[in-house]
file run_7.pdb (PDB, C-alpha atoms)
ATOM      1  CA  MET A1048       0.000   0.000   0.000
ATOM      2  CA  TYR A1049       1.231   3.500  -0.821
ATOM      3  CA  SER A1050       0.063   5.238   2.342
ATOM      4  CA  GLU A1051      -1.637   4.291   5.577
ATOM      5  CA  GLU A1052      -3.999   7.229   5.233
ATOM      6  CA  LYS A1053      -6.491   6.941   2.394
ATOM      7  CA  LEU A1054      -6.350  10.148   0.357
ATOM      8  CA  TYR A1055      -9.710   9.744  -1.355
ATOM      9  CA  ASP A1056     -13.333   9.351  -0.336
ATOM     10  CA  LEU A1057     -15.799   7.405  -2.475
ATOM     11  CA  SER A1058     -18.950   8.538  -0.653
ATOM     12  CA  TYR A1059     -20.082  10.801  -3.526
ATOM     13  CA  PHE A1060     -19.853   7.914  -6.008
ATOM     14  CA  LYS A1061     -21.427   5.445  -3.571
ATOM     15  CA  ASP A1062     -24.430   7.766  -3.276
ATOM     16  CA  LEU A1063     -24.531   8.557  -6.988
ATOM     17  CA  TYR A1064     -24.367   4.921  -8.072
ATOM     18  CA  GLU A1065     -26.291   3.565  -5.069
ATOM     19  CA  GLY A1066     -23.349   1.381  -4.058
ATOM     20  CA  ASP A1067     -22.871  -0.193  -7.522
ATOM     21  CA  MET A1068     -19.168  -1.068  -7.253
ATOM     22  CA  ASP A1069     -18.774  -1.674 -11.000
ATOM     23  CA  ALA A1070     -20.056   1.823 -11.790
ATOM     24  CA  ILE A1071     -17.806   3.318  -9.096
ATOM     25  CA  LYS A1072     -14.753   1.498 -10.453
ATOM     26  CA  ASN A1073     -15.587   2.579 -14.009
ATOM     27  CA  SER A1074     -15.717   6.229 -12.947
ATOM     28  CA  ILE A1075     -12.397   5.885 -11.163
ATOM     29  CA  LYS A1076     -10.859   4.151 -14.190
ATOM     30  CA  ILE A1077     -11.933   7.046 -16.446
ATOM     31  CA  PHE A1078     -10.160   9.462 -14.096
ATOM     32  CA  LEU A1079      -7.060   7.244 -13.857
ATOM     33  CA  ASP A1080      -6.852   6.795 -17.636
ATOM     34  CA  SER A1081      -6.401  10.523 -18.146
ATOM     35  CA  LEU A1082      -4.479  11.295 -14.941
ATOM     36  CA  PRO A1083      -0.925  10.704 -16.250
ATOM     37  CA  GLU A1084      -1.437  13.000 -19.235
ATOM     38  CA  ASP A1085      -3.301  15.597 -17.172
ATOM     39  CA  LEU A1086      -0.563  15.650 -14.530
ATOM     40  CA  ALA A1087       2.130  15.876 -17.202
ATOM     41  CA  THR A1088       0.339  18.835 -18.797
ATOM     42  CA  LEU A1089      -0.108  20.501 -15.411
ATOM     43  CA  GLN A1090       3.580  20.037 -14.578
ATOM     44  CA  LYS A1091       4.687  21.198 -18.011
ATOM     45  CA  GLY A1092       2.572  24.342 -17.737
ATOM     46  CA  TYR A1093       3.969  25.054 -14.284
ATOM     47  CA  ASN A1094       7.602  24.356 -15.176
ATOM     48  CA  GLU A1095       7.430  26.409 -18.379
ATOM     49  CA  LYS A1096       5.459  29.197 -16.669
ATOM     50  CA  ASN A1097       2.761  28.716 -19.299
ATOM     51  CA  TRP A1098      -0.175  29.711 -17.118
ATOM     52  CA  LYS A1099      -2.766  29.177 -19.832
ATOM     53  CA  THR A1100      -1.724  25.513 -20.224
ATOM     54  CA  PHE A1101      -1.488  25.199 -16.454
ATOM     55  CA  PHE A1102      -4.993  26.611 -16.004
ATOM     56  CA  PHE A1103      -6.595  24.281 -18.550
ATOM     57  CA  ALA A1104      -4.947  21.192 -17.024
ATOM     58  CA  ALA A1105      -5.877  22.253 -13.493
ATOM     59  CA  HIS A1106      -9.420  23.062 -14.551
ATOM     60  CA  LYS A1107      -9.792  19.598 -16.081
ATOM     61  CA  LEU A1108      -8.643  17.959 -12.834
ATOM     62  CA  LYS A1109     -10.783  20.149 -10.581
ATOM     63  CA  THR A1110     -14.001  18.120 -10.800
ATOM     64  CA  PRO A1111     -12.549  14.674 -10.015
ATOM     65  CA  VAL A1112     -10.503  16.185  -7.176
ATOM     66  CA  ARG A1113     -13.735  17.552  -5.699
ATOM     67  CA  TYR A1114     -15.870  14.442  -6.227
ATOM     68  CA  LEU A1115     -13.202  12.050  -4.955
ATOM     69  CA  ARG A1116     -12.393  14.458  -2.116
ATOM     70  CA  ILE A1117      -8.739  13.860  -2.798
ATOM     71  CA  GLY A1118      -6.621  14.661   0.235
ATOM     72  CA  ASN A1119      -9.148  17.250   1.352
ATOM     73  CA  ILE A1120      -7.421  19.612  -1.076
ATOM     74  CA  HIS A1121     -10.441  20.458  -3.218
ATOM     75  CA  ASN A1122     -10.727  23.985  -1.773
ATOM     76  CA  GLU A1123      -7.042  24.670  -2.351
ATOM     77  CA  PHE A1124      -7.274  23.116  -5.796
ATOM     78  CA  GLU A1125     -10.178  25.373  -6.759
ATOM     79  CA  GLN A1126      -8.262  28.357  -5.384
ATOM     80  CA  MET A1127      -5.255  27.420  -7.540
ATOM     81  CA  VAL A1128      -7.469  27.116 -10.623
ATOM     82  CA  GLU A1129      -9.009  30.521  -9.969
ATOM     83  CA  LEU A1130      -5.592  32.120  -9.463
ATOM     84  CA  ALA A1131      -4.425  30.746 -12.828
ATOM     85  CA  ARG A1132      -7.619  31.764 -14.644
ATOM     86  CA  GLY A1133      -6.865  34.005 -17.585
ATOM     87  CA  GLY A1134      -3.371  32.558 -17.952
ATOM     88  CA  LYS A1135      -1.850  34.805 -15.316
ATOM     89  CA  TYR A1136       0.667  34.004 -12.599
ATOM     90  CA  SER A1137       0.188  34.609  -8.913
ATOM     91  CA  PRO A1138       2.875  33.786  -6.317
ATOM     92  CA  GLU A1139       0.268  31.876  -4.295
ATOM     93  CA  ILE A1140       0.133  29.316  -7.124
ATOM     94  CA  ASP A1141       3.599  28.082  -6.106
ATOM     95  CA  ASN A1142       2.517  27.216  -2.554
ATOM     96  CA  LEU A1143      -0.699  25.551  -3.668
ATOM     97  CA  TYR A1144       0.944  23.596  -6.480
ATOM     98  CA  ASN A1145       3.724  22.301  -4.231
ATOM     99  CA  LYS A1146       1.165  21.154  -1.664
ATOM    100  CA  ILE A1147      -1.317  19.649  -4.135
ATOM    101  CA  LEU A1148       0.887  17.803  -6.629
ATOM    102  CA  PRO A1149       2.321  15.117  -4.302
ATOM    103  CA  ILE A1150      -1.106  14.475  -2.761
ATOM    104  CA  LEU A1151      -2.688  14.125  -6.182
ATOM    105  CA  LYS A1152       0.003  11.700  -7.352
ATOM    106  CA  LEU A1153      -0.259   9.548  -4.229
ATOM    107  CA  ALA A1154      -4.061   9.519  -4.404
ATOM    108  CA  GLY A1155      -3.775   8.342  -8.007
ATOM    109  CA  TYR A1156      -1.640   5.398  -6.882
ATOM    110  CA  GLN A1157      -4.073   4.605  -4.093
ATOM    111  CA  LEU A1158      -7.032   4.677  -6.479
ATOM    112  CA  LEU A1159      -5.185   2.414  -8.883
ATOM    113  CA  GLU A1160      -4.571   0.032  -6.027
ATOM    114  CA  PHE A1161      -8.266   0.212  -5.022
ATOM    115  CA  VAL A1162      -9.412  -0.646  -8.544
ATOM    116  CA  SER A1163      -6.980  -3.565  -8.857
ATOM    117  CA  GLU A1164      -7.973  -4.948  -5.443
ATOM    118  CA  ASN A1165     -11.679  -4.739  -6.306
ATOM    119  CA  ASP A1166     -11.577  -6.320  -9.770
TER     120      ASP A1166
END
call {"tool": "encode", "arguments": {"input": "run_7.pdb", "output": "C-alpha cells"}}
result
Amino acid sequence: MYSEEKLYDLSYFKDLYEGDMDAIKNSIKIFLDSLPEDLATLQKGYNEKNWKTFFFAAHKLKTPVRYLRIGNIHNEFEQMVELARGGKYSPEIDNLYNKILPILKLAGYQLLEFVSEND
C-alpha cells in the first residue's frame, strides 16, 4: 500500500451509483486513464510558466478532485485554478501547487490500487 492514510473518499460515487461497485470502479478508471497525461500537462505548464496551459490542465482535474475528495485539497485546488484563470501568474500558485501535486500523485496510486484490489 502506498500510504496508511487513504487520500480519497468514495462517498459521492457510492451515493450517486447507489453502491454499484462496478459503476464506481468505471468512474475511477476514467479518471485514472487521463491522470498521467493531465498531470504531465499541469507540470509542463507550471515548469514552463505557461499559465494558460497550467490553467486548462488544473481546470480539467478540478471536478474529479472535488468528487473524490482527494486529500481534502479540493478547496485549495479550486483556489489554484481561480488564481491561474486568464493565464496569469500569482505567487500563491507556487505554494498551492507544491502542496497539491504530491497528494494528487499519491491519491492516483491509491485509487489504482483500489481498482486492482476490487476487480
call {"tool": "residues_near_point", "arguments": {"input": "run_7.pdb", "point": "(-10.1, 1.8, -6.8)", "cutoff": "12 Å", "atoms": "only C-alpha atoms", "output": "PDB file with C-alpha atoms, keeping the file's coordinate frame"}}
result
ATOM      1  CA  LYS A1053      -6.491   6.941   2.394  1.00  0.00           C
ATOM      2  CA  LEU A1054      -6.350  10.148   0.357  1.00  0.00           C
ATOM      3  CA  TYR A1055      -9.710   9.744  -1.355  1.00  0.00           C
ATOM      4  CA  ASP A1056     -13.333   9.351  -0.336  1.00  0.00           C
ATOM      5  CA  LEU A1057     -15.799   7.405  -2.475  1.00  0.00           C
ATOM      6  CA  PHE A1060     -19.853   7.914  -6.008  1.00  0.00           C
ATOM      7  CA  MET A1068     -19.168  -1.068  -7.253  1.00  0.00           C
ATOM      8  CA  ASP A1069     -18.774  -1.674 -11.000  1.00  0.00           C
ATOM      9  CA  ALA A1070     -20.056   1.823 -11.790  1.00  0.00           C
ATOM     10  CA  ILE A1071     -17.806   3.318  -9.096  1.00  0.00           C
ATOM     11  CA  LYS A1072     -14.753   1.498 -10.453  1.00  0.00           C
ATOM     12  CA  ASN A1073     -15.587   2.579 -14.009  1.00  0.00           C
ATOM     13  CA  SER A1074     -15.717   6.229 -12.947  1.00  0.00           C
ATOM     14  CA  ILE A1075     -12.397   5.885 -11.163  1.00  0.00           C
ATOM     15  CA  LYS A1076     -10.859   4.151 -14.190  1.00  0.00           C
ATOM     16  CA  ILE A1077     -11.933   7.046 -16.446  1.00  0.00           C
ATOM     17  CA  PHE A1078     -10.160   9.462 -14.096  1.00  0.00           C
ATOM     18  CA  LEU A1079      -7.060   7.244 -13.857  1.00  0.00           C
ATOM     19  CA  LEU A1115     -13.202  12.050  -4.955  1.00  0.00           C
ATOM     20  CA  ALA A1154      -4.061   9.519  -4.404  1.00  0.00           C
ATOM     21  CA  GLY A1155      -3.775   8.342  -8.007  1.00  0.00           C
ATOM     22  CA  TYR A1156      -1.640   5.398  -6.882  1.00  0.00           C
ATOM     23  CA  GLN A1157      -4.073   4.605  -4.093  1.00  0.00           C
ATOM     24  CA  LEU A1158      -7.032   4.677  -6.479  1.00  0.00           C
ATOM     25  CA  LEU A1159      -5.185   2.414  -8.883  1.00  0.00           C
ATOM     26  CA  GLU A1160      -4.571   0.032  -6.027  1.00  0.00           C
ATOM     27  CA  PHE A1161      -8.266   0.212  -5.022  1.00  0.00           C
ATOM     28  CA  VAL A1162      -9.412  -0.646  -8.544  1.00  0.00           C
ATOM     29  CA  SER A1163      -6.980  -3.565  -8.857  1.00  0.00           C
ATOM     30  CA  GLU A1164      -7.973  -4.948  -5.443  1.00  0.00           C
ATOM     31  CA  ASN A1165     -11.679  -4.739  -6.306  1.00  0.00           C
ATOM     32  CA  ASP A1166     -11.577  -6.320  -9.770  1.00  0.00           C
TER      33      ASP A1166
END
call {"tool": "atom_distance", "arguments": {"input": "run_7.pdb", "atom1": "CA of Tyr1093 (chain A)", "atom2": "CA of Asp1080 (chain A)"}}
result
21.5 Å
call {"tool": "resolve_selection", "arguments": {"input": "run_7.pdb", "expression": "the PyMOL selection byres ((chain A and resi 1114) around 9)", "output": "VMD selection string"}}
result
chain A and resid 1056 to 1060 1109 to 1113 1115 to 1117 1121
call {"tool": "residues_near_point", "arguments": {"input": "run_7.pdb", "point": "(0.2, 29.0, -23.7)", "cutoff": "12 Å", "atoms": "all atoms listed in the file", "output": "JSON, numbers by chain"}}
result
{"A": [1088, 1089, 1091, 1092, 1093, 1095, 1096, 1097, 1098, 1099, 1100, 1101, 1102, 1103, 1104, 1131, 1133, 1134, 1135]}
call {"tool": "residues_around", "arguments": {"input": "run_7.pdb", "residues": "Asn1145 (chain A)", "least_positions_apart": "4", "cutoff": "12 Å", "atoms": "all atoms listed in the file", "output": "PyMOL selection string"}}
result
chain A and resi 1089-1090+1093-1094+1120+1123-1124+1127+1138-1141+1149-1152
call {"tool": "atom_distance", "arguments": {"input": "run_7.pdb", "atom1": "CA of Leu1130 (chain A)", "atom2": "CA of Leu1153 (chain A)"}}
result
23.8 Å
call {"tool": "atom_distance", "arguments": {"input": "run_7.pdb", "atom1": "CA of Ala1105 (chain A)", "atom2": "CA of Asp1085 (chain A)"}}
result
8.0 Å
call {"tool": "axis_aligned_box", "arguments": {"input": "run_7.pdb", "around": "region 1159-1164 of chain A", "padding_each_side": "5 Å", "output": "AutoDock Vina command-line options"}}
result
--center_x -7.0 --center_y -1.3 --center_z -7.0 --size_x 14.8 --size_y 17.4 --size_z 13.9
call {"tool": "closest_residue", "arguments": {"input": "run_7.pdb", "among": "A:Ser1137, A:Lys1107, A:Asn1119, A:Gln1126", "to": "Glu1084 (chain A)", "atoms": "only C-alpha atoms"}}
result
A:Lys1107
